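Heads up: the structure comes next, in structure tokens.
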Amino acid sequence: MPVSPKTAEQAQRPSLPSNRCAENAAIYVHWPFCEKKCPYCDFNSHVREKVDQAGWQKAMLHEIETFAAHFPNLKAKSIFFGGGTPSLMPPETTQMIIERINHHWAPDGDIEITLEANPSSVEAGKFSAYAQAGVNRVSVGIQSFRDTSLKFLGRLHNASEAIKALEVARDNFTRVSFDLIYALPDQSLEDWRTELQQALAFSPSHLSLYQLTIEEGTAFYHQFKRGKFALPGEDLAAMLFELTQELTEKAGLPSYETSNHAKPGQQSQHNLAYWRGEPYVGIGPGAHGRLPGPVVGSAYAHQQVKRPEDWLAAVNLIGCGLENLADIDRDERAVEAIMMGLRLREGISLPAFNARFGRPVIHYLDGNAVSDLEADGYVCSGENALSITPKGAPLLNFLLPKLIA
């Protein structure tokens, strides 16, 4: 029988590996659809006039089944619905995904289940249904409390809707996080002070505060290259960062990662899994993960097909939209864990690192550089942890190449 073109295309894709090891893993579920593509966004998000909700629900559940068949003994430590805009997903689909993950990868004790949401009145109106579906933490994409900034950022909501959405979120979830973007064109230090103080007045349990970066391939990238707008200079950007650390610290939400702030015990357990070098599974178009590898400390790096329609076709055909698979040996994975772990204020736990990779952190570092940077106050090397100091945090991208041997 002749092979159809679609089957031939699928045959060229890698096969999902298998591993029966029992490890805790973060589970990421990607919903790729948005009402509008934001000009700063380089995530795998797509605008479609119509979405076959029943077909997408079936495919999401199917891919979870396939991963579970190959990695049956994982235990879900967290579930994170990201996107795109997952608050456009029907709550019943969210509930079925949660139930299916819990069925195959039953967690030990409570599990953090986060849903990213936009502040539109339609989406906020579904917060109660998401809470009933099992979501216990919501992350709202506020981005700004200023209408002029929201317009520049291409957001569909206004400041009033943002405030109402946060009020609805607090009524439905005990854990509420929201995002803000700062270091915008023409934003002064006092502008940001006022806006951040307004954000802190909501007493959030978690805040993600990002300086605007220009990512290649976005609408902002092309506008920036043409000189349509300019970003704050290095000195002002540094002052904005310092002000952010000062105000959040005073409010009881110190940074636990370069751009993330939380009350004690309210850190995102899902994102901590990434930064601590723990396994994670990616479900949905463009999702990626680090699955337990064949030997201790190694990993399988996987990425799913990005285009929604192609991912859907692949899952319907063979049960999984796997696009790329790479074996990451212990040493490569260890270096990844160092680069991610140094983003954390807690730094890298030396005993945990040694247990995971079978080698001490210093094996992968330039010892002289560590000593020099510690003497200069940029690095703290203790008996149980290696970390970047507050003085070194703004220079992390500059320090990392010096530290890695």
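Convention: chains lettered A, B, ... in structure tokens order; per-chain residue numbering from 1; ligands numbered from 1 as shown.
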Contact residues around segment 172-178 of chain A with only C-alpha atoms at 8 Å, ignoring same-chain residues under 5 positions, as a PyMOL selection string = chain A and resi 127-128+131+136-143+204-208+266
For Lys37 of chain A, please output as a PyMOL selection string all residues within 12 Å (counting only C-alpha atoms; exclusion window: fewer than 2 positions along the same chain).
-> chain A and resi 32-35+39-48+83-85+153-156+218-220
Please produce a file of the residues just selected, as an mmCIF file, in the first residue's frame, where the atoms kept are N, CA and C atoms.
data_model
loop_
_atom_site.group_PDB
_atom_site.id
_atom_site.type_symbol
_atom_site.label_atom_id
_atom_site.label_comp_id
_atom_site.auth_asym_id
_atom_site.auth_seq_id
_atom_site.Cartn_x
_atom_site.Cartn_y
_atom_site.Cartn_z
ATOM 1 N N PRO A 32 -2.417 27.517 22.350
ATOM 2 C CA PRO A 32 -1.696 28.427 21.454
ATOM 3 C C PRO A 32 -2.487 29.616 20.929
ATOM 4 N N PHE A 33 -3.744 29.744 21.294
ATOM 5 C CA PHE A 33 -4.596 30.739 20.641
ATOM 6 C C PHE A 33 -4.732 32.024 21.450
ATOM 7 N N CYS A 34 -4.768 33.139 20.736
ATOM 8 C CA CYS A 34 -4.979 34.461 21.324
ATOM 9 C C CYS A 34 -6.011 35.216 20.494
ATOM 10 N N GLU A 35 -6.624 36.220 21.125
ATOM 11 C CA GLU A 35 -7.513 37.093 20.367
ATOM 12 C C GLU A 35 -6.727 38.052 19.481
ATOM 13 N N PRO A 39 2.515 43.022 20.171
ATOM 14 C CA PRO A 39 3.688 43.365 19.367
ATOM 15 C C PRO A 39 5.021 43.003 19.998
ATOM 16 N N TYR A 40 5.051 42.747 21.321
ATOM 17 C CA TYR A 40 6.289 42.384 22.002
ATOM 18 C C TYR A 40 6.460 40.879 22.170
ATOM 19 N N CYS A 41 5.441 40.106 21.799
ATOM 20 C CA CYS A 41 5.385 38.682 22.131
ATOM 21 C C CYS A 41 6.096 37.824 21.096
ATOM 22 N N ASP A 42 7.017 36.970 21.581
ATOM 23 C CA ASP A 42 7.654 36.002 20.688
ATOM 24 C C ASP A 42 7.288 34.574 21.087
ATOM 25 N N PHE A 43 6.214 34.422 21.875
ATOM 26 C CA PHE A 43 5.747 33.093 22.241
ATOM 27 C C PHE A 43 5.004 32.456 21.066
ATOM 28 N N ASN A 44 4.758 31.169 21.185
ATOM 29 C CA ASN A 44 4.056 30.451 20.129
ATOM 30 C C ASN A 44 2.544 30.690 20.278
ATOM 31 N N SER A 45 2.106 31.851 19.798
ATOM 32 C CA SER A 45 0.691 32.230 19.906
ATOM 33 C C SER A 45 0.142 32.575 18.528
ATOM 34 N N HIS A 46 -1.123 32.246 18.320
ATOM 35 C CA HIS A 46 -1.735 32.366 16.998
ATOM 36 C C HIS A 46 -3.171 32.875 17.126
ATOM 37 N N VAL A 47 -3.580 33.659 16.154
ATOM 38 C CA VAL A 47 -4.949 34.163 16.102
ATOM 39 C C VAL A 47 -5.729 33.339 15.072
ATOM 40 N N ARG A 48 -6.841 32.776 15.493
ATOM 41 C CA ARG A 48 -7.699 31.999 14.596
ATOM 42 C C ARG A 48 -9.142 32.449 14.793
ATOM 43 N N GLY A 83 0.405 29.999 27.398
ATOM 44 C CA GLY A 83 0.014 30.202 26.015
ATOM 45 C C GLY A 83 0.829 31.270 25.319
ATOM 46 N N GLY A 84 0.201 31.814 24.275
ATOM 47 C CA GLY A 84 -1.217 31.894 24.001
ATOM 48 C C GLY A 84 -1.991 32.458 25.188
ATOM 49 N N THR A 85 -3.272 32.200 25.134
ATOM 50 C CA THR A 85 -4.183 32.673 26.175
ATOM 51 C C THR A 85 -5.036 31.512 26.652
ATOM 52 N N LEU A 153 1.514 48.756 24.248
ATOM 53 C CA LEU A 153 1.814 47.329 24.307
ATOM 54 C C LEU A 153 0.835 46.473 23.507
ATOM 55 N N GLY A 154 -0.163 47.107 22.915
ATOM 56 C CA GLY A 154 -1.100 46.377 22.075
ATOM 57 C C GLY A 154 -2.085 45.520 22.825
ATOM 58 N N ARG A 155 -2.334 45.851 24.083
ATOM 59 C CA ARG A 155 -3.259 45.044 24.876
ATOM 60 C C ARG A 155 -4.701 45.397 24.558
ATOM 61 N N LEU A 156 -5.596 44.440 24.733
ATOM 62 C CA LEU A 156 -7.002 44.646 24.414
ATOM 63 C C LEU A 156 -7.794 45.196 25.598
ATOM 64 N N THR A 218 9.398 39.907 16.291
ATOM 65 C CA THR A 218 8.162 40.523 16.771
ATOM 66 C C THR A 218 7.906 41.833 16.030
ATOM 67 N N ALA A 219 6.677 42.344 16.160
ATOM 68 C CA ALA A 219 6.353 43.637 15.552
ATOM 69 C C ALA A 219 7.201 44.743 16.161
ATOM 70 N N PHE A 220 7.442 44.671 17.470
ATOM 71 C CA PHE A 220 8.283 45.677 18.119
ATOM 72 C C PHE A 220 9.711 45.661 17.568
#
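Rounded to one decimal, atom CA of Pro360 of chain A and atom CA of Ala301 of chain A lie 22.8 Å from each other.
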Find the spatial neighbours of Ser160 of chain A, counting only C-alpha atoms, within a cut-off of 12 Å - ignore same-chain residues fewer than 5 positions away - and output them as a PyMOL selection string.
-> chain A and resi 119-121+142+144-147+150+165-167
Write a file of the just-selected residues containing N, CA and C atoms, as a PDB file, in the first residue's frame.
ATOM      1  N   PRO A 119      -7.049  40.017  31.361  1.00  0.00           N
ATOM      2  CA  PRO A 119      -8.019  40.698  32.230  1.00  0.00           C
ATOM      3  C   PRO A 119      -9.315  41.126  31.554  1.00  0.00           C
ATOM      4  N   SER A 120      -9.623  40.621  30.385  1.00  0.00           N
ATOM      5  CA  SER A 120     -10.884  41.022  29.750  1.00  0.00           C
ATOM      6  C   SER A 120     -12.054  40.538  30.597  1.00  0.00           C
ATOM      7  N   SER A 121     -13.177  41.234  30.494  1.00  0.00           N
ATOM      8  CA  SER A 121     -14.346  40.885  31.310  1.00  0.00           C
ATOM      9  C   SER A 121     -14.852  39.489  30.971  1.00  0.00           C
ATOM     10  N   ILE A 142      -1.661  41.553  33.410  1.00  0.00           N
ATOM     11  CA  ILE A 142      -2.052  42.962  33.518  1.00  0.00           C
ATOM     12  C   ILE A 142      -1.174  43.831  32.610  1.00  0.00           C
ATOM     13  N   SER A 144       0.227  46.577  32.619  1.00  0.00           N
ATOM     14  CA  SER A 144       0.331  47.984  33.036  1.00  0.00           C
ATOM     15  C   SER A 144      -0.999  48.448  33.609  1.00  0.00           C
ATOM     16  N   PHE A 145      -0.939  49.468  34.495  1.00  0.00           N
ATOM     17  CA  PHE A 145      -2.144  50.121  34.993  1.00  0.00           C
ATOM     18  C   PHE A 145      -2.357  51.475  34.324  1.00  0.00           C
ATOM     19  N   ARG A 146      -1.611  51.752  33.280  1.00  0.00           N
ATOM     20  CA  ARG A 146      -1.728  53.018  32.555  1.00  0.00           C
ATOM     21  C   ARG A 146      -2.287  52.743  31.154  1.00  0.00           C
ATOM     22  N   ASP A 147      -3.367  53.447  30.807  1.00  0.00           N
ATOM     23  CA  ASP A 147      -3.996  53.217  29.512  1.00  0.00           C
ATOM     24  C   ASP A 147      -3.059  53.509  28.341  1.00  0.00           C
ATOM     25  N   LEU A 150      -0.777  50.538  28.004  1.00  0.00           N
ATOM     26  CA  LEU A 150      -1.498  49.378  27.485  1.00  0.00           C
ATOM     27  C   LEU A 150      -1.732  49.509  25.984  1.00  0.00           C
ATOM     28  N   ALA A 165     -10.489  42.821  36.990  1.00  0.00           N
ATOM     29  CA  ALA A 165     -10.085  41.423  36.854  1.00  0.00           C
ATOM     30  C   ALA A 165      -9.335  40.945  38.093  1.00  0.00           C
ATOM     31  N   LEU A 166      -8.484  41.797  38.654  1.00  0.00           N
ATOM     32  CA  LEU A 166      -7.766  41.414  39.868  1.00  0.00           C
ATOM     33  C   LEU A 166      -8.722  41.219  41.037  1.00  0.00           C
ATOM     34  N   GLU A 167      -9.738  42.059  41.117  1.00  0.00           N
ATOM     35  CA  GLU A 167     -10.725  41.905  42.183  1.00  0.00           C
ATOM     36  C   GLU A 167     -11.483  40.585  42.042  1.00  0.00           C
TER      37      GLU A 167
END
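With atom CA of Tyr28 of chain A on one side and atom CA of Gly319 of chain A on the other, the separation reads 17.4 Å.
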Between atom CA of Leu74 of chain A and atom CA of Cys21 of chain A, what is the spacing in Å?
->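 Pair atom CA of Cys21 of chain A / atom CA of Leu74 of chain A returns 7.0 Å.
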Based on DSSP run over this structure's backbone, return all residues of segment 24-81 of chain A in alpha helix (DSSP H), as a list of chain:residue names.
->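 Assigned to alpha helix (DSSP H), within segment 24-81 of chain A: A:Gln53, A:Ala54, A:Gly55, A:Trp56, A:Gln57, A:Lys58, A:Ala59, A:Met60, A:Leu61, A:His62, A:Glu63, A:Ile64, A:Glu65, A:Thr66, A:Phe67, A:Ala68, A:Ala69, A:His70.
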Residues of the last selection are to be written out with N, CA and C atoms, as a PDB file, in the first residue's frame.
ATOM      1  N   GLN A  53     -13.129  23.303  19.420  1.00  0.00           N
ATOM      2  CA  GLN A  53     -12.863  23.054  20.835  1.00  0.00           C
ATOM      3  C   GLN A  53     -12.905  21.567  21.178  1.00  0.00           C
ATOM      4  N   ALA A  54     -13.860  20.849  20.608  1.00  0.00           N
ATOM      5  CA  ALA A  54     -13.956  19.405  20.891  1.00  0.00           C
ATOM      6  C   ALA A  54     -12.722  18.677  20.357  1.00  0.00           C
ATOM      7  N   GLY A  55     -12.275  19.073  19.167  1.00  0.00           N
ATOM      8  CA  GLY A  55     -11.104  18.437  18.577  1.00  0.00           C
ATOM      9  C   GLY A  55      -9.837  18.718  19.370  1.00  0.00           C
ATOM     10  N   TRP A  56      -9.723  19.944  19.867  1.00  0.00           N
ATOM     11  CA  TRP A  56      -8.537  20.297  20.654  1.00  0.00           C
ATOM     12  C   TRP A  56      -8.542  19.618  22.016  1.00  0.00           C
ATOM     13  N   GLN A  57      -9.710  19.505  22.619  1.00  0.00           N
ATOM     14  CA  GLN A  57      -9.790  18.790  23.893  1.00  0.00           C
ATOM     15  C   GLN A  57      -9.338  17.345  23.705  1.00  0.00           C
ATOM     16  N   LYS A  58      -9.831  16.700  22.680  1.00  0.00           N
ATOM     17  CA  LYS A  58      -9.480  15.297  22.414  1.00  0.00           C
ATOM     18  C   LYS A  58      -7.979  15.146  22.188  1.00  0.00           C
ATOM     19  N   ALA A  59      -7.393  16.070  21.416  1.00  0.00           N
ATOM     20  CA  ALA A  59      -5.968  15.965  21.098  1.00  0.00           C
ATOM     21  C   ALA A  59      -5.096  16.191  22.323  1.00  0.00           C
ATOM     22  N   MET A  60      -5.442  17.171  23.153  1.00  0.00           N
ATOM     23  CA  MET A  60      -4.676  17.416  24.367  1.00  0.00           C
ATOM     24  C   MET A  60      -4.672  16.170  25.260  1.00  0.00           C
ATOM     25  N   LEU A  61      -5.821  15.578  25.447  1.00  0.00           N
ATOM     26  CA  LEU A  61      -5.919  14.379  26.275  1.00  0.00           C
ATOM     27  C   LEU A  61      -5.137  13.231  25.649  1.00  0.00           C
ATOM     28  N   HIS A  62      -5.182  13.130  24.316  1.00  0.00           N
ATOM     29  CA  HIS A  62      -4.475  12.064  23.605  1.00  0.00           C
ATOM     30  C   HIS A  62      -2.966  12.187  23.804  1.00  0.00           C
ATOM     31  N   GLU A  63      -2.429  13.412  23.709  1.00  0.00           N
ATOM     32  CA  GLU A  63      -0.988  13.567  23.873  1.00  0.00           C
ATOM     33  C   GLU A  63      -0.555  13.261  25.310  1.00  0.00           C
ATOM     34  N   ILE A  64      -1.367  13.636  26.284  1.00  0.00           N
ATOM     35  CA  ILE A  64      -1.064  13.281  27.673  1.00  0.00           C
ATOM     36  C   ILE A  64      -0.990  11.765  27.826  1.00  0.00           C
ATOM     37  N   GLU A  65      -1.945  11.057  27.222  1.00  0.00           N
ATOM     38  CA  GLU A  65      -1.962   9.587  27.274  1.00  0.00           C
ATOM     39  C   GLU A  65      -0.672   9.010  26.692  1.00  0.00           C
ATOM     40  N   THR A  66      -0.224   9.580  25.572  1.00  0.00           N
ATOM     41  CA  THR A  66       0.976   9.064  24.914  1.00  0.00           C
ATOM     42  C   THR A  66       2.212   9.274  25.785  1.00  0.00           C
ATOM     43  N   PHE A  67       2.369  10.475  26.337  1.00  0.00           N
ATOM     44  CA  PHE A  67       3.507  10.727  27.215  1.00  0.00           C
ATOM     45  C   PHE A  67       3.453   9.817  28.441  1.00  0.00           C
ATOM     46  N   ALA A  68       2.268   9.628  28.987  1.00  0.00           N
ATOM     47  CA  ALA A  68       2.131   8.794  30.184  1.00  0.00           C
ATOM     48  C   ALA A  68       2.485   7.339  29.900  1.00  0.00           C
ATOM     49  N   ALA A  69       2.199   6.874  28.687  1.00  0.00           N
ATOM     50  CA  ALA A  69       2.547   5.502  28.332  1.00  0.00           C
ATOM     51  C   ALA A  69       4.060   5.310  28.281  1.00  0.00           C
ATOM     52  N   HIS A  70       4.792   6.340  27.917  1.00  0.00           N
ATOM     53  CA  HIS A  70       6.250   6.250  27.817  1.00  0.00           C
ATOM     54  C   HIS A  70       6.959   6.615  29.119  1.00  0.00           C
TER      55      HIS A  70
END
Residues near Leu373 of chain A, cut-off 10 Å, only C-alpha atoms, skip fewer than 3 positions along chain, as a PyMOL selection string | chain A and resi 367-370+376-381+388+392+399+402-403
Could you pull the residues within 8 Å of segment 100-113 of chain A, counting only C-alpha atoms, minus those fewer than 2 positions along the same chain, as an MDAnalysis selection string?
-> chainID A and resid 24 61 64:65 68 72:81 96:98 115 134:137 269:270
Please, could you write that set of residues out with N, CA and C atoms as a tab-separated table (two decimals), in the first residue's frame?
chain	number	residue	atom	x	y	z
A	24	ASN	N	9.49	13.44	40.45
A	24	ASN	CA	8.54	14.53	40.38
A	24	ASN	C	8.81	15.34	39.11
A	61	LEU	N	-5.82	15.58	25.45
A	61	LEU	CA	-5.92	14.38	26.28
A	61	LEU	C	-5.14	13.23	25.65
A	64	ILE	N	-1.37	13.64	26.28
A	64	ILE	CA	-1.06	13.28	27.67
A	64	ILE	C	-0.99	11.77	27.83
A	65	GLU	N	-1.94	11.06	27.22
A	65	GLU	CA	-1.96	9.59	27.27
A	65	GLU	C	-0.67	9.01	26.69
A	68	ALA	N	2.27	9.63	28.99
A	68	ALA	CA	2.13	8.79	30.18
A	68	ALA	C	2.49	7.34	29.90
A	72	PRO	N	5.53	6.39	32.63
A	72	PRO	CA	4.36	6.10	33.47
A	72	PRO	C	4.53	6.41	34.95
A	73	ASN	N	5.76	6.55	35.42
A	73	ASN	CA	5.98	6.65	36.87
A	73	ASN	C	6.31	8.05	37.35
A	74	LEU	N	6.16	9.05	36.49
A	74	LEU	CA	6.35	10.42	36.94
A	74	LEU	C	5.26	10.80	37.92
A	75	LYS	N	5.54	11.77	38.77
A	75	LYS	CA	4.54	12.32	39.68
A	75	LYS	C	4.45	13.82	39.44
A	76	ALA	N	3.26	14.31	39.13
A	76	ALA	CA	3.08	15.73	38.82
A	76	ALA	C	3.25	16.56	40.08
A	77	LYS	N	4.22	17.48	40.06
A	77	LYS	CA	4.39	18.40	41.19
A	77	LYS	C	3.66	19.71	40.92
A	78	SER	N	3.35	19.97	39.64
A	78	SER	CA	2.63	21.18	39.27
A	78	SER	C	2.05	21.01	37.88
A	79	ILE	N	1.01	21.78	37.60
A	79	ILE	CA	0.45	21.88	36.25
A	79	ILE	C	0.36	23.36	35.94
A	80	PHE	N	0.81	23.73	34.75
A	80	PHE	CA	0.78	25.15	34.37
A	80	PHE	C	0.17	25.27	32.98
A	81	PHE	N	-0.95	25.97	32.89
A	81	PHE	CA	-1.60	26.25	31.61
A	81	PHE	C	-1.08	27.59	31.10
A	96	MET	N	-10.83	18.43	32.43
A	96	MET	CA	-10.51	17.09	31.93
A	96	MET	C	-9.00	16.88	31.82
A	97	ILE	N	-8.26	17.92	31.45
A	97	ILE	CA	-6.81	17.82	31.39
A	97	ILE	C	-6.23	17.59	32.78
A	98	ILE	N	-6.72	18.33	33.76
A	98	ILE	CA	-6.24	18.16	35.14
A	98	ILE	C	-6.52	16.75	35.62
A	115	LEU	N	-3.18	28.84	35.98
A	115	LEU	CA	-3.72	29.19	34.66
A	115	LEU	C	-3.39	30.65	34.37
A	134	GLY	N	-10.50	23.00	39.14
A	134	GLY	CA	-9.32	22.52	39.85
A	134	GLY	C	-8.15	23.47	39.85
A	135	VAL	N	-8.26	24.57	39.12
A	135	VAL	CA	-7.18	25.57	39.13
A	135	VAL	C	-7.14	26.23	40.51
A	136	ASN	N	-5.96	26.32	41.10
A	136	ASN	CA	-5.86	26.94	42.43
A	136	ASN	C	-4.92	28.14	42.46
A	137	ARG	N	-4.42	28.53	41.29
A	137	ARG	CA	-3.55	29.70	41.20
A	137	ARG	C	-3.75	30.34	39.82
A	269	GLN	N	5.87	27.15	42.25
A	269	GLN	CA	6.54	25.85	42.31
A	269	GLN	C	6.84	25.31	40.91
A	270	HIS	N	6.01	25.66	39.97
A	270	HIS	CA	6.23	25.21	38.60
A	270	HIS	C	7.50	25.82	38.02
Pick out the residues sitting within 12 Å of Glu195 of chain A, and hand them over as number ranges by chain; count only C-alpha atoms, and ignore anything fewer than 5 positions along from it in its own chain.
-> A: 142-147, 149, 159, 180-183, 187-190, 200-202, 209, 240, 243-244, 247
Saved selection, atoms kept: N, CA and C atoms, as a PDB file, in the first residue's frame:
ATOM      1  N   ILE A 142      -1.661  41.553  33.410  1.00  0.00           N
ATOM      2  CA  ILE A 142      -2.052  42.962  33.518  1.00  0.00           C
ATOM      3  C   ILE A 142      -1.174  43.831  32.610  1.00  0.00           C
ATOM      4  N   GLN A 143       0.138  43.707  32.755  1.00  0.00           N
ATOM      5  CA  GLN A 143       1.190  44.406  31.994  1.00  0.00           C
ATOM      6  C   GLN A 143       1.332  45.888  32.347  1.00  0.00           C
ATOM      7  N   SER A 144       0.227  46.577  32.619  1.00  0.00           N
ATOM      8  CA  SER A 144       0.331  47.984  33.036  1.00  0.00           C
ATOM      9  C   SER A 144      -0.999  48.448  33.609  1.00  0.00           C
ATOM     10  N   PHE A 145      -0.939  49.468  34.495  1.00  0.00           N
ATOM     11  CA  PHE A 145      -2.144  50.121  34.993  1.00  0.00           C
ATOM     12  C   PHE A 145      -2.357  51.475  34.324  1.00  0.00           C
ATOM     13  N   ARG A 146      -1.611  51.752  33.280  1.00  0.00           N
ATOM     14  CA  ARG A 146      -1.728  53.018  32.555  1.00  0.00           C
ATOM     15  C   ARG A 146      -2.287  52.743  31.154  1.00  0.00           C
ATOM     16  N   ASP A 147      -3.367  53.447  30.807  1.00  0.00           N
ATOM     17  CA  ASP A 147      -3.996  53.217  29.512  1.00  0.00           C
ATOM     18  C   ASP A 147      -3.059  53.509  28.341  1.00  0.00           C
ATOM     19  N   SER A 149       0.175  53.145  28.256  1.00  0.00           N
ATOM     20  CA  SER A 149       1.126  52.037  28.143  1.00  0.00           C
ATOM     21  C   SER A 149       0.451  50.800  27.572  1.00  0.00           C
ATOM     22  N   ALA A 159      -7.033  49.983  31.820  1.00  0.00           N
ATOM     23  CA  ALA A 159      -6.634  49.934  33.224  1.00  0.00           C
ATOM     24  C   ALA A 159      -7.799  49.578  34.140  1.00  0.00           C
ATOM     25  N   LEU A 180       3.673  42.648  35.166  1.00  0.00           N
ATOM     26  CA  LEU A 180       3.809  44.027  34.713  1.00  0.00           C
ATOM     27  C   LEU A 180       5.072  44.137  33.863  1.00  0.00           C
ATOM     28  N   ILE A 181       5.018  44.996  32.865  1.00  0.00           N
ATOM     29  CA  ILE A 181       6.181  45.286  32.033  1.00  0.00           C
ATOM     30  C   ILE A 181       6.594  46.732  32.290  1.00  0.00           C
ATOM     31  N   TYR A 182       7.889  46.937  32.546  1.00  0.00           N
ATOM     32  CA  TYR A 182       8.374  48.302  32.798  1.00  0.00           C
ATOM     33  C   TYR A 182       9.600  48.582  31.928  1.00  0.00           C
ATOM     34  N   ALA A 183      10.233  49.713  32.182  1.00  0.00           N
ATOM     35  CA  ALA A 183      11.319  50.199  31.310  1.00  0.00           C
ATOM     36  C   ALA A 183      10.775  50.423  29.900  1.00  0.00           C
ATOM     37  N   GLN A 187       9.220  56.216  30.002  1.00  0.00           N
ATOM     38  CA  GLN A 187       8.814  55.951  31.388  1.00  0.00           C
ATOM     39  C   GLN A 187       9.890  56.468  32.339  1.00  0.00           C
ATOM     40  N   SER A 188       9.500  57.333  33.246  1.00  0.00           N
ATOM     41  CA  SER A 188      10.455  57.876  34.208  1.00  0.00           C
ATOM     42  C   SER A 188      10.496  57.014  35.452  1.00  0.00           C
ATOM     43  N   LEU A 189      11.469  57.296  36.301  1.00  0.00           N
ATOM     44  CA  LEU A 189      11.584  56.577  37.565  1.00  0.00           C
ATOM     45  C   LEU A 189      10.342  56.799  38.420  1.00  0.00           C
ATOM     46  N   GLU A 190       9.827  58.025  38.443  1.00  0.00           N
ATOM     47  CA  GLU A 190       8.636  58.314  39.243  1.00  0.00           C
ATOM     48  C   GLU A 190       7.389  57.678  38.658  1.00  0.00           C
ATOM     49  N   LEU A 200       1.387  47.000  44.257  1.00  0.00           N
ATOM     50  CA  LEU A 200       1.628  46.434  45.582  1.00  0.00           C
ATOM     51  C   LEU A 200       0.454  46.677  46.522  1.00  0.00           C
ATOM     52  N   ALA A 201      -0.346  47.706  46.241  1.00  0.00           N
ATOM     53  CA  ALA A 201      -1.515  47.999  47.070  1.00  0.00           C
ATOM     54  C   ALA A 201      -2.559  46.882  46.990  1.00  0.00           C
ATOM     55  N   PHE A 202      -2.490  46.048  45.941  1.00  0.00           N
ATOM     56  CA  PHE A 202      -3.418  44.919  45.821  1.00  0.00           C
ATOM     57  C   PHE A 202      -3.004  43.749  46.703  1.00  0.00           C
ATOM     58  N   LEU A 209       7.760  40.864  37.208  1.00  0.00           N
ATOM     59  CA  LEU A 209       8.050  42.230  36.775  1.00  0.00           C
ATOM     60  C   LEU A 209       9.188  42.186  35.762  1.00  0.00           C
ATOM     61  N   LEU A 240      15.734  51.698  37.455  1.00  0.00           N
ATOM     62  CA  LEU A 240      14.396  51.106  37.490  1.00  0.00           C
ATOM     63  C   LEU A 240      14.438  49.734  38.152  1.00  0.00           C
ATOM     64  N   LEU A 243      14.999  50.236  41.929  1.00  0.00           N
ATOM     65  CA  LEU A 243      13.767  50.699  42.563  1.00  0.00           C
ATOM     66  C   LEU A 243      12.785  49.543  42.741  1.00  0.00           C
ATOM     67  N   THR A 244      12.711  48.675  41.742  1.00  0.00           N
ATOM     68  CA  THR A 244      11.831  47.507  41.810  1.00  0.00           C
ATOM     69  C   THR A 244      12.194  46.614  42.982  1.00  0.00           C
ATOM     70  N   LEU A 247      11.255  48.520  46.430  1.00  0.00           N
ATOM     71  CA  LEU A 247       9.834  48.615  46.783  1.00  0.00           C
ATOM     72  C   LEU A 247       9.230  47.248  47.084  1.00  0.00           C
TER      73      LEU A 247
END
Would you list the contacts of Gly347 of chain A as a PDB file with C-alpha atoms, in the first residue's frame, taking every protein, DNA or RNA residue within 8 Å and counting only C-alpha atoms, but skipping same-chain residues closer than 5 positions in sequence?
ATOM      1  CA  GLY A 341      19.864  28.038  39.164  1.00  0.00           C
ATOM      2  CA  LEU A 342      21.971  31.170  39.473  1.00  0.00           C
ATOM      3  CA  ALA A 385      24.849  26.951  48.205  1.00  0.00           C
ATOM      4  CA  LEU A 386      26.365  28.992  45.404  1.00  0.00           C
ATOM      5  CA  SER A 387      24.484  32.178  44.582  1.00  0.00           C
ATOM      6  CA  ILE A 388      24.695  35.554  42.892  1.00  0.00           C
TER       7      ILE A 388
END
Selected residue of minimal separation from Gly297 of chain A among A:Gly277, A:Gly125, A:Pro351, A:Gly233, counting only C-alpha atoms |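 Of A:Gly277, A:Gly125, A:Pro351, A:Gly233, the one nearest Gly297 of chain A, counting only C-alpha atoms, is A:Gly277.
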Rank A:Glu257, A:Glu249, A:Glu23, A:Glu234 by their smallest atom-to-atom distance to Tyr280 of chain A, using only C-alpha atoms, and report the top residue only.
-> A:Glu23
